[in-house]
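Colleague: Got a file for you: final28.cif, mmCIF, C-alpha atoms.
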```cif
data_upload
loop_
_atom_site.group_PDB
_atom_site.id
_atom_site.type_symbol
_atom_site.label_atom_id
_atom_site.label_comp_id
_atom_site.auth_asym_id
_atom_site.auth_seq_id
_atom_site.Cartn_x
_atom_site.Cartn_y
_atom_site.Cartn_z
ATOM 1 C CA MET A 2 4.766 17.542 75.880
ATOM 2 C CA GLN A 3 6.681 15.776 78.646
ATOM 3 C CA ARG A 4 5.105 15.137 82.028
ATOM 4 C CA ASP A 5 7.591 17.544 83.666
ATOM 5 C CA ASP A 6 6.523 20.267 81.253
ATOM 6 C CA MET A 7 2.940 19.984 82.514
ATOM 7 C CA LYS A 8 4.049 20.388 86.115
ATOM 8 C CA ASP A 9 6.328 23.291 85.242
ATOM 9 C CA LEU A 10 3.523 25.079 83.408
ATOM 10 C CA LEU A 11 1.251 24.688 86.437
ATOM 11 C CA TRP A 12 3.967 26.185 88.625
ATOM 12 C CA PHE A 13 4.437 29.070 86.178
ATOM 13 C CA LEU A 14 0.689 29.768 86.280
ATOM 14 C CA ALA A 15 0.795 29.933 90.072
ATOM 15 C CA VAL A 16 3.647 32.474 90.078
ATOM 16 C CA ALA A 17 2.048 34.574 87.332
ATOM 17 C CA ARG A 18 -1.284 34.579 89.160
ATOM 18 C CA GLU A 19 0.147 35.449 92.595
ATOM 19 C CA ARG A 20 2.875 37.775 91.244
ATOM 20 C CA SER A 21 5.053 36.330 94.001
ATOM 21 C CA PHE A 22 7.402 33.366 94.354
ATOM 22 C CA THR A 23 6.745 33.359 98.098
ATOM 23 C CA LYS A 24 2.958 33.042 97.822
ATOM 24 C CA ALA A 25 3.144 30.604 94.914
ATOM 25 C CA ALA A 26 5.634 28.375 96.753
ATOM 26 C CA ALA A 27 3.356 28.290 99.808
ATOM 27 C CA GLU A 28 0.373 27.406 97.599
ATOM 28 C CA LEU A 29 2.286 24.641 95.805
ATOM 29 C CA GLY A 30 3.911 23.257 98.931
ATOM 30 C CA THR A 31 7.477 23.687 97.729
ATOM 31 C CA SER A 32 10.420 25.988 98.483
ATOM 32 C CA GLN A 33 11.048 29.319 96.779
ATOM 33 C CA SER A 34 14.431 28.145 95.528
ATOM 34 C CA THR A 35 12.966 24.999 93.964
ATOM 35 C CA LEU A 36 10.179 26.989 92.368
ATOM 36 C CA SER A 37 12.589 29.599 90.997
ATOM 37 C CA ALA A 38 14.882 26.915 89.576
ATOM 38 C CA THR A 39 11.927 25.177 87.917
ATOM 39 C CA ILE A 40 10.773 28.383 86.192
ATOM 40 C CA LYS A 41 14.327 29.051 84.961
ATOM 41 C CA GLN A 42 14.498 25.516 83.499
ATOM 42 C CA LEU A 43 11.131 26.063 81.761
ATOM 43 C CA GLU A 44 12.334 29.365 80.293
ATOM 44 C CA ALA A 45 15.522 27.666 79.083
ATOM 45 C CA ARG A 46 13.563 24.876 77.343
ATOM 46 C CA LEU A 47 11.192 27.370 75.689
ATOM 47 C CA GLY A 48 13.998 29.783 74.798
ATOM 48 C CA VAL A 49 12.088 32.812 76.054
ATOM 49 C CA ARG A 50 11.870 34.744 79.320
ATOM 50 C CA LEU A 51 8.454 34.394 80.966
ATOM 51 C CA LEU A 52 8.878 36.440 84.155
ATOM 52 C CA THR A 53 10.536 39.705 85.064
ATOM 53 C CA ARG A 54 12.048 39.453 88.521
ATOM 54 C CA THR A 55 13.037 42.309 90.810
ATOM 55 C CA THR A 56 13.813 42.376 94.508
ATOM 56 C CA ARG A 57 10.272 43.574 95.225
ATOM 57 C CA SER A 58 8.033 42.091 92.541
ATOM 58 C CA VAL A 59 7.484 39.459 89.903
ATOM 59 C CA ALA A 60 5.576 40.165 86.692
ATOM 60 C CA PRO A 61 5.010 38.266 83.445
ATOM 61 C CA THR A 62 6.821 39.431 80.364
ATOM 62 C CA ASP A 63 4.807 39.947 77.186
ATOM 63 C CA ALA A 64 5.510 36.334 76.256
ATOM 64 C CA GLY A 65 4.683 35.215 79.780
ATOM 65 C CA GLU A 66 1.397 37.142 79.816
ATOM 66 C CA ARG A 67 0.415 35.629 76.485
ATOM 67 C CA LEU A 68 1.206 32.138 77.767
ATOM 68 C CA TYR A 69 -0.712 32.809 80.992
ATOM 69 C CA GLN A 70 -3.832 34.065 79.187
ATOM 70 C CA SER A 71 -3.745 31.026 76.904
ATOM 71 C CA LEU A 72 -3.162 28.343 79.537
ATOM 72 C CA ALA A 73 -5.095 29.577 82.598
ATOM 73 C CA PRO A 74 -8.629 28.987 81.240
ATOM 74 C CA ARG A 75 -7.640 25.595 79.854
ATOM 75 C CA PHE A 76 -6.306 24.331 83.164
ATOM 76 C CA GLU A 77 -9.326 25.797 84.954
ATOM 77 C CA GLY A 78 -11.534 23.829 82.566
ATOM 78 C CA ILE A 79 -9.600 20.633 83.304
ATOM 79 C CA GLU A 80 -9.933 21.180 87.053
ATOM 80 C CA SER A 81 -13.662 21.807 86.639
ATOM 81 C CA ASP A 82 -14.062 18.607 84.619
ATOM 82 C CA LEU A 83 -12.177 16.594 87.220
ATOM 83 C CA SER A 84 -14.348 18.032 89.995
ATOM 84 C CA SER A 85 -17.444 17.050 88.027
ATOM 85 C CA LEU A 86 -16.163 13.495 87.717
ATOM 86 C CA VAL A 87 -15.631 13.228 91.466
ATOM 87 C CA ALA A 88 -19.196 14.365 92.059
ATOM 88 C CA PHE A 89 -20.418 11.922 89.409
ATOM 89 C CA ARG A 90 -18.671 9.048 91.199
ATOM 90 C CA ASP A 91 -20.953 9.359 94.221
ATOM 91 C CA LYS A 92 -24.118 10.220 92.295
ATOM 92 C CA PRO A 93 -26.370 7.247 91.518
ATOM 93 C CA SER A 94 -26.348 6.882 87.748
ATOM 94 C CA GLY A 95 -25.943 4.283 85.039
ATOM 95 C CA THR A 96 -27.969 1.182 84.243
ATOM 96 C CA VAL A 97 -28.982 -1.642 86.593
ATOM 97 C CA ARG A 98 -30.339 -4.843 84.979
ATOM 98 C CA ILE A 99 -32.524 -7.140 87.107
ATOM 99 C CA THR A 100 -34.142 -10.448 86.167
ATOM 100 C CA LEU A 101 -37.325 -11.390 88.022
ATOM 101 C CA SER A 102 -40.736 -13.015 87.690
ATOM 102 C CA ASP A 103 -43.828 -11.097 86.655
ATOM 103 C CA HIS A 104 -45.284 -11.694 90.121
ATOM 104 C CA ALA A 105 -42.213 -10.258 91.857
ATOM 105 C CA LEU A 106 -42.300 -7.283 89.519
ATOM 106 C CA GLN A 107 -45.981 -6.517 90.068
ATOM 107 C CA THR A 108 -46.284 -7.128 93.798
ATOM 108 C CA VAL A 109 -42.912 -6.182 95.302
ATOM 109 C CA VAL A 110 -40.344 -4.582 93.024
ATOM 110 C CA TRP A 111 -42.276 -2.008 91.001
ATOM 111 C CA PRO A 112 -44.411 -0.701 93.905
ATOM 112 C CA LYS A 113 -41.194 0.012 95.832
ATOM 113 C CA LEU A 114 -39.073 1.320 92.953
ATOM 114 C CA GLU A 115 -41.620 3.564 91.274
ATOM 115 C CA PRO A 116 -41.615 6.360 93.899
ATOM 116 C CA VAL A 117 -37.838 6.154 94.404
ATOM 117 C CA LEU A 118 -36.830 6.463 90.747
ATOM 118 C CA ARG A 119 -38.319 9.949 90.555
ATOM 119 C CA ASP A 120 -35.536 11.143 92.868
ATOM 120 C CA TYR A 121 -32.758 9.681 90.671
ATOM 121 C CA PRO A 122 -33.278 10.818 87.063
ATOM 122 C CA ASP A 123 -29.804 9.616 86.021
ATOM 123 C CA LEU A 124 -30.520 6.058 87.157
ATOM 124 C CA ARG A 125 -31.675 3.563 84.497
ATOM 125 C CA VAL A 126 -33.309 0.283 85.504
ATOM 126 C CA GLU A 127 -33.994 -2.628 83.149
ATOM 127 C CA LEU A 128 -36.472 -5.114 84.624
ATOM 128 C CA TYR A 129 -36.357 -8.362 82.636
ATOM 129 C CA SER A 130 -39.538 -10.200 83.540
ATOM 130 C CA ASP A 131 -39.953 -13.930 82.948
ATOM 131 C CA ASN A 132 -40.451 -17.059 85.011
ATOM 132 C CA GLY A 133 -37.023 -18.535 84.307
ATOM 133 C CA MET A 134 -34.027 -19.150 86.522
ATOM 134 C CA ARG A 135 -31.369 -16.943 84.971
ATOM 135 C CA ASN A 136 -27.620 -17.125 85.566
ATOM 136 C CA ILE A 137 -27.083 -13.469 86.389
ATOM 137 C CA VAL A 138 -23.299 -13.654 85.995
ATOM 138 C CA GLU A 139 -23.272 -15.322 82.572
ATOM 139 C CA GLU A 140 -26.156 -13.215 81.274
ATOM 140 C CA ARG A 141 -24.690 -10.001 82.702
ATOM 141 C CA PHE A 142 -27.492 -9.043 85.022
ATOM 142 C CA ASP A 143 -26.579 -6.909 88.008
ATOM 143 C CA ALA A 144 -29.070 -8.731 90.237
ATOM 144 C CA GLY A 145 -31.984 -11.129 90.272
ATOM 145 C CA VAL A 146 -35.082 -11.745 92.355
ATOM 146 C CA ARG A 147 -36.026 -15.222 93.574
ATOM 147 C CA LEU A 148 -37.656 -16.937 96.493
ATOM 148 C CA GLY A 149 -35.255 -17.142 99.404
ATOM 149 C CA GLU A 150 -34.953 -20.917 99.193
ATOM 150 C CA SER A 151 -33.845 -20.728 95.538
ATOM 151 C CA VAL A 152 -30.903 -18.333 95.902
ATOM 152 C CA ASP A 153 -27.461 -19.894 95.413
ATOM 153 C CA ARG A 154 -25.235 -19.881 98.475
ATOM 154 C CA ASP A 155 -22.445 -17.956 96.758
ATOM 155 C CA MET A 156 -24.733 -14.961 96.320
ATOM 156 C CA ILE A 157 -25.568 -12.132 98.677
ATOM 157 C CA ALA A 158 -29.323 -12.252 99.283
ATOM 158 C CA VAL A 159 -31.419 -9.387 100.674
ATOM 159 C CA ARG A 160 -35.004 -10.075 101.646
ATOM 160 C CA ILE A 161 -37.326 -7.676 99.835
ATOM 161 C CA GLY A 162 -40.815 -9.005 100.560
ATOM 162 C CA PRO A 163 -42.993 -11.005 102.964
ATOM 163 C CA ASP A 164 -43.848 -14.698 102.783
ATOM 164 C CA TRP A 165 -46.528 -15.634 100.259
ATOM 165 C CA ARG A 166 -48.029 -18.784 98.799
ATOM 166 C CA LEU A 167 -49.552 -20.308 95.683
ATOM 167 C CA VAL A 168 -53.202 -21.366 95.835
ATOM 168 C CA ALA A 169 -55.431 -23.447 93.582
ATOM 169 C CA VAL A 170 -58.489 -21.551 92.346
ATOM 170 C CA ALA A 171 -61.252 -21.921 89.784
ATOM 171 C CA SER A 172 -64.542 -20.210 89.019
ATOM 172 C CA PRO A 173 -67.826 -21.272 90.701
ATOM 173 C CA ASP A 174 -69.062 -22.076 87.192
ATOM 174 C CA TYR A 175 -66.234 -24.580 86.715
ATOM 175 C CA PHE A 176 -66.946 -26.265 90.056
ATOM 176 C CA SER A 177 -70.642 -26.448 89.176
ATOM 177 C CA ARG A 178 -69.578 -28.821 86.415
ATOM 178 C CA ARG A 179 -66.746 -30.649 88.169
ATOM 179 C CA PRO A 180 -66.321 -31.759 91.797
ATOM 180 C CA ALA A 181 -63.742 -29.784 93.795
ATOM 181 C CA PRO A 182 -60.479 -31.689 94.391
ATOM 182 C CA ARG A 183 -59.898 -32.892 97.949
ATOM 183 C CA THR A 184 -56.238 -33.834 97.547
ATOM 184 C CA PRO A 185 -53.559 -32.746 95.077
ATOM 185 C CA GLN A 186 -53.773 -36.136 93.366
ATOM 186 C CA ASP A 187 -57.375 -35.323 92.394
ATOM 187 C CA LEU A 188 -56.052 -32.607 90.076
ATOM 188 C CA VAL A 189 -55.066 -35.278 87.558
ATOM 189 C CA GLY A 190 -58.713 -35.625 86.575
ATOM 190 C CA HIS A 191 -59.286 -31.882 86.179
ATOM 191 C CA ASP A 192 -58.733 -29.253 83.510
ATOM 192 C CA CYS A 193 -55.813 -27.239 84.811
ATOM 193 C CA ILE A 194 -54.235 -24.086 83.455
ATOM 194 C CA ASN A 195 -50.520 -24.709 83.014
ATOM 195 C CA LEU A 196 -47.530 -22.412 83.385
ATOM 196 C CA ARG A 197 -44.716 -22.817 80.863
ATOM 197 C CA GLN A 198 -41.271 -22.383 82.462
ATOM 198 C CA ALA A 199 -38.892 -20.190 80.498
ATOM 199 C CA THR A 200 -35.663 -21.818 81.701
ATOM 200 C CA PHE A 201 -36.435 -25.483 81.175
ATOM 201 C CA GLY A 202 -39.178 -25.197 78.582
ATOM 202 C CA GLY A 203 -41.489 -27.620 80.382
ATOM 203 C CA PHE A 204 -44.599 -27.039 82.451
ATOM 204 C CA TYR A 205 -44.313 -26.140 86.121
ATOM 205 C CA ALA A 206 -45.111 -29.097 88.394
ATOM 206 C CA TRP A 207 -47.516 -27.870 91.062
ATOM 207 C CA GLU A 208 -45.926 -28.171 94.513
ATOM 208 C CA PHE A 209 -47.944 -28.929 97.631
ATOM 209 C CA ALA A 210 -47.090 -29.799 101.241
ATOM 210 C CA LYS A 211 -48.995 -30.920 104.321
ATOM 211 C CA ASN A 212 -47.862 -32.370 107.654
ATOM 212 C CA GLY A 213 -44.304 -32.754 106.387
ATOM 213 C CA ARG A 214 -45.411 -34.490 103.207
ATOM 214 C CA ASP A 215 -44.406 -32.898 99.901
ATOM 215 C CA LEU A 216 -46.182 -33.581 96.628
ATOM 216 C CA ARG A 217 -45.470 -32.485 93.063
ATOM 217 C CA VAL A 218 -48.295 -32.901 90.599
ATOM 218 C CA ARG A 219 -48.046 -32.546 86.831
ATOM 219 C CA VAL A 220 -51.367 -31.354 85.520
ATOM 220 C CA GLU A 221 -52.989 -31.111 82.103
ATOM 221 C CA GLY A 222 -55.552 -28.869 80.481
ATOM 222 C CA GLN A 223 -56.568 -26.965 77.397
ATOM 223 C CA LEU A 224 -54.596 -23.794 78.203
ATOM 224 C CA ALA A 225 -51.014 -22.897 79.104
ATOM 225 C CA PHE A 226 -49.360 -19.507 79.576
ATOM 226 C CA ASN A 227 -45.888 -18.232 80.376
ATOM 227 C CA SER A 228 -47.087 -15.565 82.829
ATOM 228 C CA THR A 229 -49.516 -15.411 85.715
ATOM 229 C CA LEU A 230 -52.135 -12.762 84.928
ATOM 230 C CA PRO A 231 -53.670 -14.499 81.888
ATOM 231 C CA MET A 232 -53.928 -17.686 83.961
ATOM 232 C CA ILE A 233 -56.118 -15.804 86.438
ATOM 233 C CA ASP A 234 -58.310 -14.419 83.654
ATOM 234 C CA ALA A 235 -58.722 -17.897 82.177
ATOM 235 C CA ALA A 236 -59.698 -19.317 85.574
ATOM 236 C CA ILE A 237 -62.322 -16.583 86.057
ATOM 237 C CA CYS A 238 -63.716 -17.453 82.627
ATOM 238 C CA GLY A 239 -64.192 -21.090 83.713
ATOM 239 C CA TYR A 240 -61.419 -22.818 81.739
ATOM 240 C CA GLY A 241 -60.107 -24.747 84.721
ATOM 241 C CA ILE A 242 -58.053 -24.628 87.907
ATOM 242 C CA ALA A 243 -55.083 -22.288 88.145
ATOM 243 C CA TYR A 244 -52.264 -22.410 90.686
ATOM 244 C CA VAL A 245 -51.349 -18.773 91.247
ATOM 245 C CA PRO A 246 -50.077 -16.352 93.923
ATOM 246 C CA GLU A 247 -52.725 -15.793 96.583
ATOM 247 C CA ASN A 248 -52.207 -12.039 96.770
ATOM 248 C CA LEU A 249 -53.171 -11.725 93.090
ATOM 249 C CA VAL A 250 -56.498 -13.514 93.526
ATOM 250 C CA SER A 251 -57.586 -12.658 97.085
ATOM 251 C CA ARG A 252 -59.905 -9.925 95.819
ATOM 252 C CA HIS A 253 -61.458 -12.266 93.247
ATOM 253 C CA ILE A 254 -62.016 -14.878 95.976
ATOM 254 C CA ALA A 255 -63.577 -12.320 98.324
ATOM 255 C CA GLU A 256 -65.916 -11.070 95.599
ATOM 256 C CA GLY A 257 -66.953 -14.559 94.485
ATOM 257 C CA ARG A 258 -65.343 -14.722 91.058
ATOM 258 C CA LEU A 259 -63.007 -17.520 92.162
ATOM 259 C CA SER A 260 -63.210 -20.347 94.685
ATOM 260 C CA LEU A 261 -60.225 -21.566 96.703
ATOM 261 C CA VAL A 262 -59.472 -25.309 96.957
ATOM 262 C CA LEU A 263 -56.730 -27.383 98.610
ATOM 263 C CA ASN A 264 -56.158 -24.543 101.060
ATOM 264 C CA ASP A 265 -54.492 -26.771 103.675
ATOM 265 C CA TRP A 266 -52.050 -28.089 101.058
ATOM 266 C CA SER A 267 -50.639 -24.646 100.221
ATOM 267 C CA PRO A 268 -47.813 -23.641 102.608
ATOM 268 C CA PRO A 269 -46.063 -20.241 102.386
ATOM 269 C CA PHE A 270 -42.752 -19.628 100.648
ATOM 270 C CA ALA A 271 -39.884 -17.702 102.212
ATOM 271 C CA GLY A 272 -40.564 -14.468 100.332
ATOM 272 C CA TYR A 273 -38.647 -12.789 97.535
ATOM 273 C CA HIS A 274 -34.966 -11.935 97.863
ATOM 274 C CA LEU A 275 -32.812 -9.644 95.744
ATOM 275 C CA TYR A 276 -29.505 -11.401 95.082
ATOM 276 C CA TYR A 277 -26.207 -10.428 93.459
ATOM 277 C CA PRO A 278 -22.614 -11.785 93.327
ATOM 278 C CA SER A 279 -20.877 -11.679 96.681
ATOM 279 C CA ARG A 280 -17.585 -10.529 95.180
ATOM 280 C CA ARG A 281 -19.134 -7.420 93.635
ATOM 281 C CA GLN A 282 -18.837 -4.107 95.457
ATOM 282 C CA LEU A 283 -22.122 -2.263 95.341
ATOM 283 C CA SER A 284 -22.193 0.744 93.041
ATOM 284 C CA PRO A 285 -24.112 3.853 94.120
ATOM 285 C CA ALA A 286 -26.850 2.817 91.671
ATOM 286 C CA MET A 287 -27.168 -0.682 93.155
ATOM 287 C CA THR A 288 -27.118 0.782 96.657
ATOM 288 C CA VAL A 289 -30.198 2.845 95.774
ATOM 289 C CA ILE A 290 -31.944 -0.290 94.446
ATOM 290 C CA VAL A 291 -31.109 -2.384 97.523
ATOM 291 C CA ASP A 292 -32.192 0.335 99.953
ATOM 292 C CA ALA A 293 -35.463 0.846 98.069
ATOM 293 C CA LEU A 294 -36.354 -2.843 97.941
ATOM 294 C CA ARG A 295 -35.129 -4.029 101.346
ATOM 295 C CA HIS A 296 -37.981 -5.589 103.330
ATOM 296 C CA ARG A 297 -38.821 -3.782 106.548
ATOM 297 C CA SER A 298 -41.352 -5.352 108.861
#
```
For the file at hand, write its structure as structure tokens.
Modeller:
Amino acid sequence: MQRDDMKDLLWFLAVARERSFTKAAAELGTSQSTLSATIKQLEARLGVRLLTRTTRSVAPTDAGERLYQSLAPRFEGIESDLSSLVAFRDKPSGTVRITLSDHALQTVVWPKLEPVLRDYPDLRVELYSDNGMRNIVEERFDAGVRLGESVDRDMIAVRIGPDWRLVAVASPDYFSRRPAPRTPQDLVGHDCINLRQATFGGFYAWEFAKNGRDLRVRVEGQLAFNSTLPMIDAAICGYGIAYVPENLVSRHIAEGRLSLVLNDWSPPFAGYHLYYPSRRQLSPAMTVIVDALRHRS
């Protein structure tokens, strides 16, 4: 079927439905003469008369009625499908993939997303949790979550959480056997619980700062993990000092299961930010994610 045939059939359907060239022409936005000539050309190509014309009325012939009854529901179905697609365009749906740390997932992202996702059943979210620094473009993530200071400048960054800090903690039982460190350098003589970094494969060097002085200390100990929560459990059990997010251990400190050390060496970080490529126009699905996570004081 040629493209012109499709248009001509649509025009025939309009005339057969309205039983009037005048009304059909007004509906189609064309002239009566153009519409009449188009129907005549269609009849000539098909080799059959489709409409009976009089000075007062227009009616389908038997062939025309058969064609109308066959085509009308099909074109109505196409129009319905197209309308559904337009509605689908503005409806948040599809899959959004986000890479983030387990701490960001537990403390910021999931608490904010969980109540929102119930309102968007067609939205799928994949949360890839590790402690690595992923290239979201190469690895085809839609977005990532990092501390504000770690986001590349060519990315759009949206703050999603407050400042927080890492603190050094151990159980009272551990400190009953070992003196508490007074400076970060004292950690070298202690059993420390290490964090294995996913991106580089090595252990995280503990970062401290005080009065403009920055220190990075590489520690050693019997245990190492690649996520935060088991580090906290190991510290409570007396296996050594862990360097973990304060908001995950504040309750343990308050209830006496852990003791805080090197408090004045632990400055805050600039909070978590959701980031994504600056050249990418936000989809409805990503817009829902950004609005849900955006930090509001």
Colleague: Which value, in Å to one decimal, gives the distance between atom CA of A:Gly162 and atom CA of A:Tyr273?
Modeller: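 So the answer is 5.3 Å.
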Colleague: Identify which of the residues A:Val291, A:Phe226, A:Arg219, A:Cys238 lies closest to A:Ile161, counting all atoms listed in the file when measuring atom-to-atom distances.
Modeller: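 Answer, going by the shortest atom-to-atom distance: A:Val291.
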Colleague: Which is closer to A:Arg214 than all the others in A:Ile137, A:Asp265, A:Ser284, A:Arg18, using all atoms listed in the file?
Modeller: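 Counting all atoms listed in the file, the residue closest to A:Arg214 is A:Asp265.
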Colleague: How big is the axis-aligned box around all listed atoms of stretch 276-280 of chain A once 4 Å goes on each side, and where's its centre, in Å to one decimal, as lines of an AutoDock Vina configuration file?
Modeller:
```
center_x = -23.5
center_y = -11.1
center_z = 95.0
size_x = 19.9
size_y = 9.4
size_z = 11.4
```
Colleague: In Å, with one decimal, what is the gap from atom CA of A:Met232 to atom CA of A:Leu259?
Modeller: 12.2 Å
Colleague: Applying 12 Å and only C-alpha atoms, which residues near A:Glu19 remain after dropping the ones on its own chain fewer than 3 positions away? List them as an NGL selection string.
Modeller: :A and (12-16 or 22-29 or 58-61 or 69)
Colleague: Identify all residues satisfying the PyMOL selection byres ((chain A and resi 35-39) around 8) in the given file; provide them as a ChimeraX atom specification.
Modeller: /A:9,12,22,26,31-34,40-43
Colleague: Just so the selection is clear, what residues does the PyMOL selection byres ((chain A and resi 103-116) around 8) cover here, as a list in words?
Modeller: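 For this structure, the PyMOL selection byres ((chain A and resi 103-116) around 8) captures Leu101, Ser102, Val117, Leu118, Arg119, Asp120, Leu128, Ser130, Asp131, Asn132, Val146, Ile161, Gly162, Ser228, Thr229, Pro246, Tyr273, Ile290, Ala293 and Leu294 of chain A.
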Colleague: Please evaluate the PyMOL selection byres ((chain A and resi 141) around 12) against the displayed coordinates and give the resulting residues as a list in words.
Modeller: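 Selected by the PyMOL selection byres ((chain A and resi 141) around 12) here: Thr96, Val97, Arg98, Ile99, Thr100, Glu127, Tyr129, Arg135, Asn136, Ile137, Val138, Glu139, Glu140, Phe142, Asp143, Ala144, Gly145, Tyr277 and Pro278 of chain A.
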Colleague: Take the residues from that selection and write them out as a CSV table (one decimal), in the frame of the given file, keeping C-alpha atoms.
Modeller:
```csv
chain,number,residue,atom,x,y,z
A,96,THR,CA,-28.0,1.2,84.2
A,97,VAL,CA,-29.0,-1.6,86.6
A,98,ARG,CA,-30.3,-4.8,85.0
A,99,ILE,CA,-32.5,-7.1,87.1
A,100,THR,CA,-34.1,-10.4,86.2
A,127,GLU,CA,-34.0,-2.6,83.1
A,129,TYR,CA,-36.4,-8.4,82.6
A,135,ARG,CA,-31.4,-16.9,85.0
A,136,ASN,CA,-27.6,-17.1,85.6
A,137,ILE,CA,-27.1,-13.5,86.4
A,138,VAL,CA,-23.3,-13.7,86.0
A,139,GLU,CA,-23.3,-15.3,82.6
A,140,GLU,CA,-26.2,-13.2,81.3
A,142,PHE,CA,-27.5,-9.0,85.0
A,143,ASP,CA,-26.6,-6.9,88.0
A,144,ALA,CA,-29.1,-8.7,90.2
A,145,GLY,CA,-32.0,-11.1,90.3
A,277,TYR,CA,-26.2,-10.4,93.5
A,278,PRO,CA,-22.6,-11.8,93.3
```
Colleague: Could you please fill out stretch 259-270 of chain A with N, CA, C and O atoms and send it back as an mmCIF file, keeping the file's coordinate frame?
Modeller:
```
data_model
loop_
_atom_site.group_PDB
_atom_site.id
_atom_site.type_symbol
_atom_site.label_atom_id
_atom_site.label_comp_id
_atom_site.auth_asym_id
_atom_site.auth_seq_id
_atom_site.Cartn_x
_atom_site.Cartn_y
_atom_site.Cartn_z
ATOM 1 N N LEU A 259 -63.816 -16.303 92.084
ATOM 2 C CA LEU A 259 -63.007 -17.520 92.162
ATOM 3 C C LEU A 259 -63.249 -18.218 93.488
ATOM 4 O O LEU A 259 -63.564 -17.578 94.499
ATOM 5 N N SER A 260 -63.083 -19.533 93.471
ATOM 6 C CA SER A 260 -63.210 -20.347 94.685
ATOM 7 C C SER A 260 -61.871 -21.004 94.983
ATOM 8 O O SER A 260 -61.187 -21.487 94.076
ATOM 9 N N LEU A 261 -61.497 -21.008 96.262
ATOM 10 C CA LEU A 261 -60.225 -21.566 96.703
ATOM 11 C C LEU A 261 -60.400 -23.028 97.070
ATOM 12 O O LEU A 261 -61.339 -23.400 97.777
ATOM 13 N N VAL A 262 -59.463 -23.890 96.602
ATOM 14 C CA VAL A 262 -59.472 -25.309 96.957
ATOM 15 C C VAL A 262 -58.070 -25.713 97.425
ATOM 16 O O VAL A 262 -57.101 -25.003 97.176
ATOM 17 N N LEU A 263 -57.997 -26.846 98.113
ATOM 18 C CA LEU A 263 -56.730 -27.383 98.610
ATOM 19 C C LEU A 263 -55.981 -26.370 99.473
ATOM 20 O O LEU A 263 -54.754 -26.302 99.457
ATOM 21 N N ASN A 264 -56.743 -25.607 100.248
ATOM 22 C CA ASN A 264 -56.158 -24.543 101.060
ATOM 23 C C ASN A 264 -55.122 -25.076 102.046
ATOM 24 O O ASN A 264 -54.063 -24.466 102.246
ATOM 25 N N ASP A 265 -55.399 -26.234 102.660
ATOM 26 C CA ASP A 265 -54.492 -26.771 103.675
ATOM 27 C C ASP A 265 -53.273 -27.457 103.062
ATOM 28 O O ASP A 265 -52.396 -27.916 103.789
ATOM 29 N N TRP A 266 -53.209 -27.527 101.744
ATOM 30 C CA TRP A 266 -52.050 -28.089 101.058
ATOM 31 C C TRP A 266 -51.123 -26.994 100.498
ATOM 32 O O TRP A 266 -50.182 -27.297 99.768
ATOM 33 N N SER A 267 -51.393 -25.759 100.820
ATOM 34 C CA SER A 267 -50.639 -24.646 100.221
ATOM 35 C C SER A 267 -49.855 -23.886 101.279
ATOM 36 O O SER A 267 -50.328 -22.892 101.840
ATOM 37 N N PRO A 268 -48.631 -24.317 101.598
ATOM 38 C CA PRO A 268 -47.813 -23.641 102.608
ATOM 39 C C PRO A 268 -47.159 -22.389 102.033
ATOM 40 O O PRO A 268 -47.036 -22.231 100.814
ATOM 41 N N PRO A 269 -46.718 -21.467 102.877
ATOM 42 C CA PRO A 269 -46.063 -20.241 102.386
ATOM 43 C C PRO A 269 -44.618 -20.493 101.957
ATOM 44 O O PRO A 269 -43.961 -21.416 102.436
ATOM 45 N N PHE A 270 -44.156 -19.659 101.043
ATOM 46 C CA PHE A 270 -42.752 -19.628 100.648
ATOM 47 C C PHE A 270 -42.023 -18.559 101.457
ATOM 48 O O PHE A 270 -42.647 -17.674 102.032
#
```
